[in-house]
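Asks: A single structure is presented below for examination.
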Amino acid sequence: MSYINSPSDQQAAISDVDETVLRAAVHKCLDEERVGPIHDLGLSNCGPYVATKLHGFQQAIAEYSKAKAHAKRELTRQDALHAGSDLIHAVQQMKGRLETERQEVELFFIDDQIRPPFHLSKRLSVQVPFRWRASPSADWKHGQLTFVYDFSPQPSYALLLPKRKPSAAKIVRGLKDRLYEECAGALLYEGVLPYGRRR
């Protein structure tokens, strides 16, 4: 699940990464055949994209350090070099995205910090606020998009019918659970709820 805007903690972590220091740390990891030199750079806090590339680099270094035969060492070293380049490129991309966001937020901003609604019904409505202006000196204008989801229950033929008729409270609880799963799932699919499924 991706955000429209990078969260503030990720923005700070990305800004703190010095590309020259990162490049030197990647080369040192290759020379020493261990990932220690990049641990203090805070890359795991730079968002899921960078974290995925970091994990790939760590795995590649681990494979390289375990290799014994000459041919295997050459192959795993190339893999580690490639993974290191991917990691550096990912940080560069995120720095570029951050700069774009900082420029765009001067004129247009979508509030993507949306939580699931407190009350669920068969018609779920979620509003996404945004604001825009013609220039950085102009006044903000505000608007909102409304996403609507209608719950249409489908019978589940995989489950056995209960031997006893469930109580009214159990039926209501079951409906509430299904509404939550269906509605939150639909909004996640549409990209409306960045927080994931939470109660």
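Labels used: A, B, ... for chains in the order of the structure tokens, numbers from 1 for residues in each chain, and numbers from 1 for ligands as shown.
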Going by DSSP on the backbone, which residues of range 58-163 of chain A come out as alpha helix (DSSP H)? List them as number ranges by chain.
Replies: A: 58-66, 70-104
Asks: Taking a cut-off of 8 Å and counting only C-alpha atoms, can you build a table that, for each residue of range 32-132 of chain A near range 8-16 of chain A, reports the nearest atom pair and how far apart they are in Å (one decimal), sorted by chain then residue number, as CSV?
Replies:
residue,atom,partner,partner_atom,distance
A:Gly42,CA,A:Ala13,CA,6.6
A:Leu43,CA,A:Ala13,CA,7.3
A:Asn45,CA,A:Ala13,CA,5.9
A:Cys46,CA,A:Gln10,CA,4.9
A:Gly47,CA,A:Gln10,CA,5.8
A:Val91,CA,A:Ile14,CA,7.2
A:Met94,CA,A:Ile14,CA,7.0
A:Lys95,CA,A:Ile14,CA,6.4
A:Leu98,CA,A:Gln11,CA,6.8
Asks: Using CA of His119 in chain A and CA of Gln144 in chain A as the two end points, give the distance in Å to one decimal.
Replies: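 For CA of His119 in chain A relative to CA of Gln144 in chain A, the distance reads 20.2 Å.
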Asks: For the contact check between range 34-87 of chain A and range 20-24 of chain A, emit one row per residue of range 34-87 of chain A within 9 Å, containing the shortest atom pair and the distance in Å rounded to one decimal, counting only C-alpha atoms, chain then rising number order, as a Markdown table.
Replies:
| residue | atom | partner | partner_atom | distance |
| --- | --- | --- | --- | --- |
| A:Pro37 | CA | A:Ala24 | CA | 8.9 |
| A:Ile38 | CA | A:Leu22 | CA | 7.2 |
| A:Leu41 | CA | A:Leu22 | CA | 7.4 |
| A:Gly84 | CA | A:Arg23 | CA | 8.3 |
| A:Ser85 | CA | A:Arg23 | CA | 8.6 |
Asks: For Glu101 in chain A, list every protein, DNA or RNA residue within 12 Å, evaluated using only C-alpha atoms, and leave out those in the same chain fewer than 5 positions away; present the list as a PyMOL selection string.
Replies: chain A and resi 3-8+11+94-96+106-110
Asks: Would you mind writing down, as a list in words, each residue of range 1-195 of chain A that DSSP on the backbone assigns to strand (DSSP E or B)?
Replies: Phe108, Phe109, Ile110, Arg123, Leu124, Ser125, Val126, Gln127, Val128, Pro129, Phe130, Arg131, Trp132, Lys141, His142, Gly143, Gln144, Leu145, Thr146, Phe147, Val148, Tyr149 and Asp150 of chain A
Asks: Would you output that residue set with C-alpha atoms, as a JSON list (two decimals), in the first residue's frame?
Replies:
[["chain", "number", "residue", "atom", "x", "y", "z"],
["A", 108, "PHE", "CA", -1.74, 21.22, -4.21],
["A", 109, "PHE", "CA", -2.16, 18.87, -1.24],
["A", 110, "ILE", "CA", -4.27, 15.75, -0.68],
["A", 123, "ARG", "CA", -23.28, 1.94, 2.53],
["A", 124, "LEU", "CA", -19.87, 3.21, 3.49],
["A", 125, "SER", "CA", -18.83, 6.76, 2.67],
["A", 126, "VAL", "CA", -15.32, 8.17, 3.10],
["A", 127, "GLN", "CA", -14.30, 11.74, 2.35],
["A", 128, "VAL", "CA", -10.81, 12.68, 1.16],
["A", 129, "PRO", "CA", -10.04, 16.39, 1.66],
["A", 130, "PHE", "CA", -7.66, 18.36, -0.55],
["A", 131, "ARG", "CA", -6.62, 21.98, -1.12],
["A", 132, "TRP", "CA", -5.09, 23.93, -3.99],
["A", 141, "LYS", "CA", -9.16, 26.72, -1.91],
["A", 142, "HIS", "CA", -10.56, 23.56, -0.34],
["A", 143, "GLY", "CA", -12.44, 20.58, -1.73],
["A", 144, "GLN", "CA", -13.07, 16.91, -1.08],
["A", 145, "LEU", "CA", -13.68, 13.65, -2.90],
["A", 146, "THR", "CA", -16.22, 11.17, -1.58],
["A", 147, "PHE", "CA", -15.78, 7.44, -2.07],
["A", 148, "VAL", "CA", -18.88, 5.29, -1.62],
["A", 149, "TYR", "CA", -18.99, 1.51, -1.24],
["A", 150, "ASP", "CA", -22.21, -0.54, -1.18]]
Asks: Smallest atom-to-atom distance to Gln59 in chain A: which of A:Ala83, A:Val17, A:Ala169, A:Leu30, using only C-alpha atoms?
Replies: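 Distance minimum relative to Gln59 in chain A lands on A:Ala83.
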Asks: Expressed in Å to a single decimal, how great is the separation between CA of Arg97 in chain A and CA of His39 in chain A?
Replies: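 Value for the CA of Arg97 in chain A-CA of His39 in chain A distance: 23.3 Å.
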Asks: Compare A:His27, A:Glu33, A:Gly174, A:Glu19 by their minimum atom-to-atom distance to Ala67 in chain A, counting only C-alpha atoms, and give me the closest one.
Replies: A:Glu33
